[in-house]
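**Student:** Sending over upload05.pdb (PDB, C-alpha atoms, pLDDT in the B column).
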MODEL        1
ATOM      1  CA  ALA A  14     -66.123  50.986 -10.299  1.00 95.00           C
ATOM      2  CA  THR A  15     -67.578  49.883 -13.654  1.00 96.00           C
ATOM      3  CA  LEU A  16     -65.857  52.713 -15.489  1.00 97.00           C
ATOM      4  CA  MET A  17     -62.432  51.870 -14.098  1.00 96.00           C
ATOM      5  CA  ASP A  18     -62.831  48.091 -14.582  1.00 96.00           C
ATOM      6  CA  ALA A  19     -60.839  47.250 -17.734  1.00 94.00           C
ATOM      7  CA  LYS A  20     -62.546  43.834 -17.854  1.00 95.00           C
ATOM      8  CA  ALA A  21     -66.090  45.245 -17.866  1.00 96.00           C
ATOM      9  CA  PRO A  22     -67.904  45.347 -21.236  1.00 96.00           C
ATOM     10  CA  ILE A  23     -67.015  48.541 -23.118  1.00 95.00           C
ATOM     11  CA  GLU A  24     -70.672  49.551 -23.512  1.00 94.00           C
ATOM     12  CA  ASP A  25     -71.176  49.304 -19.739  1.00 96.00           C
ATOM     13  CA  ARG A  26     -68.099  51.453 -19.211  1.00 96.00           C
ATOM     14  CA  LYS A  27     -69.328  54.044 -21.721  1.00 93.00           C
ATOM     15  CA  LEU A  28     -72.699  54.205 -19.974  1.00 93.00           C
ATOM     16  CA  ALA A  29     -70.975  54.601 -16.616  1.00 95.00           C
ATOM     17  CA  LEU A  30     -68.844  57.431 -18.013  1.00 95.00           C
ATOM     18  CA  ALA A  31     -71.868  59.178 -19.541  1.00 91.00           C
ATOM     19  CA  GLY A  32     -73.690  58.918 -16.216  1.00 93.00           C
ATOM     20  CA  LEU A  33     -70.773  60.337 -14.240  1.00 95.00           C
ATOM     21  CA  VAL A  34     -70.395  63.190 -16.734  1.00 92.00           C
ATOM     22  CA  ALA A  35     -74.120  63.954 -16.549  1.00 88.00           C
ATOM     23  CA  GLN A  36     -73.882  64.017 -12.732  1.00 92.00           C
ATOM     24  CA  LYS A  37     -70.805  66.292 -12.957  1.00 92.00           C
ATOM     25  CA  ASN A  38     -69.139  63.877 -10.546  1.00 96.00           C
ATOM     26  CA  ALA A  39     -66.275  65.832  -8.955  1.00 95.00           C
ATOM     27  CA  LYS A  40     -64.046  62.740  -8.679  1.00 96.00           C
ATOM     28  CA  LEU A  41     -64.183  61.953 -12.387  1.00 97.00           C
ATOM     29  CA  PRO A  42     -61.772  64.491 -13.947  1.00 97.00           C
ATOM     30  CA  SER A  43     -58.751  63.236 -12.014  1.00 96.00           C
ATOM     31  CA  LYS A  44     -59.505  59.668 -13.181  1.00 96.00           C
ATOM     32  CA  LEU A  45     -59.882  60.433 -16.883  1.00 97.00           C
ATOM     33  CA  ALA A  46     -56.134  60.350 -17.644  1.00 97.00           C
ATOM     34  CA  LEU A  47     -56.102  56.696 -16.563  1.00 96.00           C
ATOM     35  CA  LEU A  48     -58.609  55.908 -19.317  1.00 97.00           C
ATOM     36  CA  LEU A  49     -56.891  57.628 -22.232  1.00 95.00           C
ATOM     37  CA  GLU A  50     -54.839  54.601 -23.291  1.00 92.00           C
ATOM     38  CA  GLN A  51     -57.835  52.270 -23.051  1.00 94.00           C
ATOM     39  CA  PRO A  52     -60.577  51.506 -25.624  1.00 94.00           C
ATOM     40  CA  ILE A  53     -62.714  54.168 -23.919  1.00 94.00           C
ATOM     41  CA  GLY A  54     -60.038  56.824 -24.493  1.00 95.00           C
ATOM     42  CA  VAL A  55     -61.935  58.977 -27.002  1.00 94.00           C
ATOM     43  CA  ASP A  56     -64.917  59.136 -24.667  1.00 93.00           C
ATOM     44  CA  ALA A  57     -62.603  60.080 -21.796  1.00 95.00           C
ATOM     45  CA  ILE A  58     -61.123  62.912 -23.870  1.00 95.00           C
ATOM     46  CA  ARG A  59     -64.609  64.261 -24.571  1.00 92.00           C
ATOM     47  CA  ALA A  60     -65.545  63.991 -20.900  1.00 94.00           C
ATOM     48  CA  TYR A  61     -63.018  66.699 -20.007  1.00 95.00           C
ATOM     49  CA  SER A  62     -65.197  69.275 -21.755  1.00 91.00           C
ATOM     50  CA  ALA A  63     -67.871  68.852 -19.090  1.00 91.00           C
ATOM     51  CA  PHE A  64     -65.487  69.998 -16.361  1.00 93.00           C
ATOM     52  CA  ASP A  65     -63.343  73.013 -15.640  1.00 92.00           C
ATOM     53  CA  PHE A  66     -60.370  70.800 -14.725  1.00 96.00           C
ATOM     54  CA  LYS A  67     -57.105  72.710 -14.557  1.00 96.00           C
ATOM     55  CA  GLY A  68     -54.979  69.683 -15.478  1.00 96.00           C
ATOM     56  CA  ALA A  69     -56.922  68.726 -18.625  1.00 97.00           C
ATOM     57  CA  PRO A  70     -54.928  70.739 -21.196  1.00 98.00           C
ATOM     58  CA  LYS A  71     -51.589  69.441 -19.923  1.00 97.00           C
ATOM     59  CA  VAL A  72     -52.811  65.833 -19.932  1.00 97.00           C
ATOM     60  CA  LEU A  73     -54.285  66.080 -23.426  1.00 98.00           C
ATOM     61  CA  LEU A  74     -51.521  68.102 -25.044  1.00 97.00           C
ATOM     62  CA  SER A  75     -48.754  65.893 -23.626  1.00 97.00           C
ATOM     63  CA  ARG A  76     -50.313  62.918 -25.469  1.00 96.00           C
ATOM     64  CA  TYR A  77     -51.218  64.850 -28.595  1.00 96.00           C
ATOM     65  CA  PRO A  78     -48.236  63.920 -30.835  1.00 95.00           C
ATOM     66  CA  LYS A  79     -48.897  60.176 -30.353  1.00 94.00           C
ATOM     67  CA  LEU A  80     -52.643  60.299 -31.050  1.00 94.00           C
ATOM     68  CA  SER A  81     -54.526  59.116 -34.124  1.00 92.00           C
ATOM     69  CA  SER A  82     -56.131  61.745 -36.359  1.00 89.00           C
ATOM     70  CA  GLU A  83     -59.557  60.979 -34.826  1.00 88.00           C
ATOM     71  CA  GLU A  84     -58.195  61.387 -31.312  1.00 93.00           C
ATOM     72  CA  LYS A  85     -56.453  64.631 -32.288  1.00 95.00           C
ATOM     73  CA  SER A  86     -59.746  66.004 -33.620  1.00 91.00           C
ATOM     74  CA  VAL A  87     -61.480  65.117 -30.374  1.00 92.00           C
ATOM     75  CA  VAL A  88     -58.704  66.790 -28.345  1.00 95.00           C
ATOM     76  CA  ILE A  89     -59.012  69.958 -30.466  1.00 95.00           C
ATOM     77  CA  GLU A  90     -62.802  70.071 -30.013  1.00 91.00           C
ATOM     78  CA  THR A  91     -62.474  69.408 -26.283  1.00 93.00           C
ATOM     79  CA  LEU A  92     -59.845  72.096 -25.778  1.00 95.00           C
ATOM     80  CA  ALA A  93     -62.011  74.544 -27.736  1.00 92.00           C
ATOM     81  CA  SER A  94     -64.917  73.975 -25.361  1.00 89.00           C
ATOM     82  CA  ARG A  95     -63.708  76.117 -22.440  1.00 92.00           C
ATOM     83  CA  LYS A  96     -61.756  79.354 -22.296  1.00 94.00           C
ATOM     84  CA  PRO A  97     -58.908  78.105 -20.047  1.00 96.00           C
ATOM     85  CA  TYR A  98     -58.532  75.014 -22.241  1.00 96.00           C
ATOM     86  CA  ALA A  99     -58.620  77.177 -25.376  1.00 96.00           C
ATOM     87  CA  ARG A 100     -55.822  79.386 -24.047  1.00 97.00           C
ATOM     88  CA  ALA A 101     -53.658  76.292 -23.525  1.00 97.00           C
ATOM     89  CA  LEU A 102     -54.458  75.114 -27.064  1.00 97.00           C
ATOM     90  CA  VAL A 103     -53.421  78.465 -28.532  1.00 97.00           C
ATOM     91  CA  ALA A 104     -50.212  78.403 -26.482  1.00 97.00           C
ATOM     92  CA  ALA A 105     -49.449  74.923 -27.872  1.00 97.00           C
ATOM     93  CA  MET A 106     -50.114  76.210 -31.390  1.00 97.00           C
ATOM     94  CA  GLY A 107     -47.732  79.095 -30.765  1.00 95.00           C
ATOM     95  CA  LYS A 108     -45.014  76.630 -29.743  1.00 96.00           C
ATOM     96  CA  GLY A 109     -45.613  74.468 -32.817  1.00 95.00           C
ATOM     97  CA  LYS A 110     -47.019  71.540 -30.822  1.00 96.00           C
ATOM     98  CA  VAL A 111     -50.382  71.762 -32.599  1.00 96.00           C
ATOM     99  CA  SER A 112     -50.552  72.587 -36.294  1.00 94.00           C
ATOM    100  CA  LYS A 113     -52.889  75.246 -37.651  1.00 93.00           C
ATOM    101  CA  GLY A 114     -54.020  72.599 -40.139  1.00 92.00           C
ATOM    102  CA  ASP A 115     -55.342  70.494 -37.250  1.00 95.00           C
ATOM    103  CA  ILE A 116     -57.926  73.162 -36.398  1.00 94.00           C
ATOM    104  CA  PRO A 117     -61.168  72.760 -38.403  1.00 88.00           C
ATOM    105  CA  THR A 118     -62.834  75.981 -39.567  1.00 85.00           C
ATOM    106  CA  TYR A 119     -65.824  75.613 -37.242  1.00 83.00           C
ATOM    107  CA  VAL A 120     -63.454  75.229 -34.269  1.00 89.00           C
ATOM    108  CA  ALA A 121     -61.326  78.176 -35.447  1.00 91.00           C
ATOM    109  CA  ARG A 122     -64.434  80.364 -35.562  1.00 87.00           C
ATOM    110  CA  ASN A 123     -65.357  79.339 -32.057  1.00 87.00           C
ATOM    111  CA  LEU A 124     -61.819  79.969 -30.782  1.00 92.00           C
ATOM    112  CA  GLN A 125     -61.770  83.371 -32.467  1.00 91.00           C
ATOM    113  CA  ALA A 126     -65.106  84.262 -30.865  1.00 87.00           C
ATOM    114  CA  MET A 127     -63.860  83.037 -27.488  1.00 90.00           C
ATOM    115  CA  LEU A 128     -60.313  84.454 -27.494  1.00 94.00           C
ATOM    116  CA  GLY A 129     -60.364  87.174 -30.140  1.00 91.00           C
ATOM    117  CA  GLN A 130     -57.028  88.687 -31.131  1.00 93.00           C
ATOM    118  CA  SER A 131     -54.940  86.294 -29.024  1.00 94.00           C
ATOM    119  CA  PHE A 132     -56.185  83.447 -31.225  1.00 95.00           C
ATOM    120  CA  GLU A 133     -55.790  85.336 -34.508  1.00 93.00           C
ATOM    121  CA  LYS A 134     -52.182  86.277 -33.633  1.00 95.00           C
ATOM    122  CA  VAL A 135     -51.301  82.584 -33.684  1.00 95.00           C
ATOM    123  CA  TYR A 136     -53.794  81.205 -36.201  1.00 94.00           C
ATOM    124  CA  GLY A 137     -54.198  84.084 -38.616  1.00 91.00           C
ATOM    125  CA  LYS A 138     -57.375  85.638 -39.942  1.00 89.00           C
ATOM    126  CA  VAL A 139     -60.447  83.461 -39.512  1.00 85.00           C
ATOM    127  CA  GLN A 140     -62.860  83.447 -42.435  1.00 77.00           C
ATOM    128  CA  PRO A 141     -66.177  84.905 -41.280  1.00 73.00           C
ATOM    129  CA  VAL A 142     -69.362  82.894 -41.395  1.00 71.00           C
ATOM    130  CA  SER A 143     -71.331  83.592 -44.573  1.00 73.00           C
ATOM    131  CA  ALA A 144     -74.145  86.113 -44.248  1.00 74.00           C
ATOM    132  CA  ASP A 145     -76.693  83.330 -44.796  1.00 82.00           C
ATOM    133  CA  LYS A 146     -75.261  81.257 -41.951  1.00 77.00           C
ATOM    134  CA  ASP A 147     -75.025  84.337 -39.740  1.00 76.00           C
ATOM    135  CA  LYS A 148     -78.738  84.955 -40.283  1.00 85.00           C
ATOM    136  CA  LEU A 149     -79.547  81.303 -39.635  1.00 84.00           C
ATOM    137  CA  ILE A 150     -77.547  81.312 -36.379  1.00 79.00           C
ATOM    138  CA  ALA A 151     -79.300  84.518 -35.276  1.00 83.00           C
ATOM    139  CA  LYS A 152     -82.695  82.985 -36.127  1.00 86.00           C
ATOM    140  CA  TYR A 153     -82.065  79.866 -34.030  1.00 84.00           C
ATOM    141  CA  LYS A 154     -80.565  81.868 -31.192  1.00 82.00           C
ATOM    142  CA  ASP A 155     -83.676  84.065 -31.082  1.00 84.00           C
ATOM    143  CA  MET A 156     -85.888  80.967 -31.087  1.00 83.00           C
ATOM    144  CA  VAL A 157     -84.014  79.407 -28.179  1.00 80.00           C
ATOM    145  CA  LEU A 158     -83.857  82.599 -26.150  1.00 81.00           C
ATOM    146  CA  ALA A 159     -87.556  83.341 -26.737  1.00 81.00           C
ATOM    147  CA  SER A 160     -88.518  80.231 -24.785  1.00 78.00           C
ATOM    148  CA  ASP A 161     -88.238  79.665 -21.046  1.00 78.00           C
ATOM    149  CA  ILE A 162     -85.412  77.116 -20.895  1.00 74.00           C
ATOM    150  CA  SER A 163     -86.100  76.435 -17.210  1.00 75.00           C
ATOM    151  CA  LYS A 164     -89.335  74.728 -18.306  1.00 80.00           C
ATOM    152  CA  ALA A 165     -87.586  72.547 -20.891  1.00 79.00           C
ATOM    153  CA  ASP A 166     -88.189  68.803 -20.768  1.00 81.00           C
ATOM    154  CA  ALA A 167     -84.961  66.853 -21.368  1.00 77.00           C
ATOM    155  CA  SER A 168     -86.808  63.739 -22.521  1.00 78.00           C
ATOM    156  CA  LYS A 169     -88.598  65.761 -25.232  1.00 82.00           C
ATOM    157  CA  GLY A 170     -85.278  67.319 -26.169  1.00 79.00           C
ATOM    158  CA  ARG A 171     -83.803  63.845 -26.551  1.00 78.00           C
ATOM    159  CA  MET A 172     -86.657  62.883 -28.886  1.00 82.00           C
ATOM    160  CA  ILE A 173     -86.080  66.026 -30.984  1.00 82.00           C
ATOM    161  CA  TYR A 174     -82.348  65.254 -31.104  1.00 79.00           C
ATOM    162  CA  GLN A 175     -83.029  61.692 -32.283  1.00 80.00           C
ATOM    163  CA  ARG A 176     -85.465  62.905 -34.940  1.00 81.00           C
ATOM    164  CA  SER A 177     -83.582  65.965 -36.213  1.00 83.00           C
ATOM    165  CA  CYS A 178     -79.933  66.003 -35.165  1.00 83.00           C
ATOM    166  CA  GLY A 179     -79.048  62.347 -34.765  1.00 79.00           C
ATOM    167  CA  ALA A 180     -78.978  61.711 -38.501  1.00 81.00           C
ATOM    168  CA  CYS A 181     -75.764  63.754 -38.757  1.00 83.00           C
ATOM    169  CA  HIS A 182     -74.330  63.983 -35.241  1.00 81.00           C
ATOM    170  CA  ILE A 183     -73.237  61.325 -32.768  1.00 79.00           C
ATOM    171  CA  MET A 184     -73.976  61.839 -29.100  1.00 76.00           C
ATOM    172  CA  TYR A 185     -73.190  59.163 -26.523  1.00 72.00           C
ATOM    173  CA  GLY A 186     -72.471  56.618 -29.250  1.00 73.00           C
ATOM    174  CA  GLU A 187     -75.702  57.088 -31.215  1.00 77.00           C
ATOM    175  CA  GLY A 188     -76.265  58.912 -34.484  1.00 79.00           C
ATOM    176  CA  GLY A 189     -74.674  59.618 -37.850  1.00 78.00           C
ATOM    177  CA  LYS A 190     -71.097  60.540 -38.671  1.00 76.00           C
ATOM    178  CA  ILE A 191     -71.638  63.518 -40.969  1.00 76.00           C
ATOM    179  CA  GLY A 192     -71.295  66.467 -38.560  1.00 76.00           C
ATOM    180  CA  PRO A 193     -69.104  66.908 -35.489  1.00 74.00           C
ATOM    181  CA  GLU A 194     -69.679  64.616 -32.519  1.00 76.00           C
ATOM    182  CA  LEU A 195     -71.683  66.374 -29.824  1.00 75.00           C
ATOM    183  CA  THR A 196     -70.857  64.175 -26.823  1.00 73.00           C
ATOM    184  CA  GLY A 197     -68.069  66.365 -25.534  1.00 62.00           C
ATOM    185  CA  SER A 198     -69.161  69.633 -27.051  1.00 64.00           C
ATOM    186  CA  ASN A 199     -69.934  72.585 -24.860  1.00 61.00           C
ATOM    187  CA  ARG A 200     -73.686  72.217 -25.303  1.00 66.00           C
ATOM    188  CA  SER A 201     -74.432  74.664 -22.488  1.00 66.00           C
ATOM    189  CA  ASP A 202     -72.838  77.550 -24.440  1.00 70.00           C
ATOM    190  CA  LEU A 203     -75.437  78.527 -27.025  1.00 74.00           C
ATOM    191  CA  ASP A 204     -73.035  80.533 -29.192  1.00 72.00           C
ATOM    192  CA  TYR A 205     -70.514  77.665 -29.294  1.00 68.00           C
ATOM    193  CA  PHE A 206     -73.224  75.133 -30.009  1.00 72.00           C
ATOM    194  CA  LEU A 207     -74.917  77.047 -32.820  1.00 75.00           C
ATOM    195  CA  LEU A 208     -71.639  77.915 -34.513  1.00 70.00           C
TER     196      LEU A 208
ENDMDL
END
Translate the structure of the given file into structure tokens.
**Tutor:**
Amino acid sequence: ATLMDAKAPIEDRKLALAGLVAQKNAKLPSKLALLLEQPIGVDAIRAYSAFDFKGAPKVLLSRYPKLSSEEKSVVIETLASRKPYARALVAAMGKGKVSKGDIPTYVARNLQAMLGQSFEKVYGKVQPVSADKDKLIAKYKDMVLASDISKADASKGRMIYQRSCGACHIMYGEGGKIGPELTGSNRSDLDYFLL
């Protein structure tokens, strides 16, 4: 009710949205389109990445031409978060509805890893990650996979995020604006996240 109440304070609405996303509330995806034209629109776009919602690409791509550059970036990142969404993004690129120039390199690399040749046919050759970055990604992947994630403590993870990642990345409205926003990123896919 708070999320859908246009008169409620925006911070309360953002907290309600974050809570519903965290709960993976099954009723949320069908409501997100109603929020896209409101001040919480960017957060609603990001929320789609938490769900495998068949209608998300159509909703987002139909609004794409009218969006601001920030909103377009968020749509691109959201559509690159899940394979079915990514396929719809590539189809839109193939039809000229989304420009190749709208796809940042880090997103292009993720889409290439996710979709392979079908992405490169539309986008072109994706520049590989430098050998140094490849080694760094492998190092962090090994570190994560060496630990028992089932024993992870989310509150400690939040503290590490605030200390290490939050200087550059925003998540749920907090942090710096140097790197990509992580709120709607596919944080459960280690390869996507590290890239």
**Student:** Evaluate the PyMOL selection byres ((chain A and resi 35-51) around 10) and record the selected residues as an MDAnalysis selection string, following the chain and residue labels used in the document.
**Tutor:** chainID A and resid 16:17 19 23 29:34 52:69 72:73 76 80 84
**Student:** Step by step, work through what the PyMOL selection byres ((chain A and resi 111-125) around 7) selects in the shown file, and finish by giving those residues as number ranges by chain.
**Tutor:** A: 89-90, 93, 99, 105-106, 109-110, 126-129, 132-133, 136, 139, 205, 208
**Student:** Which is closest to Val157 in chain A among A:Ala14, A:Phe206, A:Ser94, A:Lys108, if we use only C-alpha atoms?
**Tutor:**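 Smallest separation from Val157 in chain A among the options: A:Phe206.
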**Student:** Between CA of Tyr153 in chain A and CA of Leu207 in chain A, what is the distance, to one decimal in Å?
**Tutor:** 7.8 Å
**Student:** Kindly give the distance, in Å, that separates CA of Ala180 in chain A and CA of Leu203 in chain A, rounded to a single decimal.
**Tutor:**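 Separating CA of Ala180 in chain A from CA of Leu203 in chain A is a distance of 20.7 Å.
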**Student:** Find the smallest box with edges along x, y and z containing every listed atom of range 96-111 of chain A, then add 6 Å on each side and report centre and edge lengths in Å to one decimal, as AutoDock Vina command-line options.
**Tutor:**
--center_x -53.4 --center_y 75.5 --center_z -26.4 --size_x 28.7 --size_y 19.8 --size_z 24.8
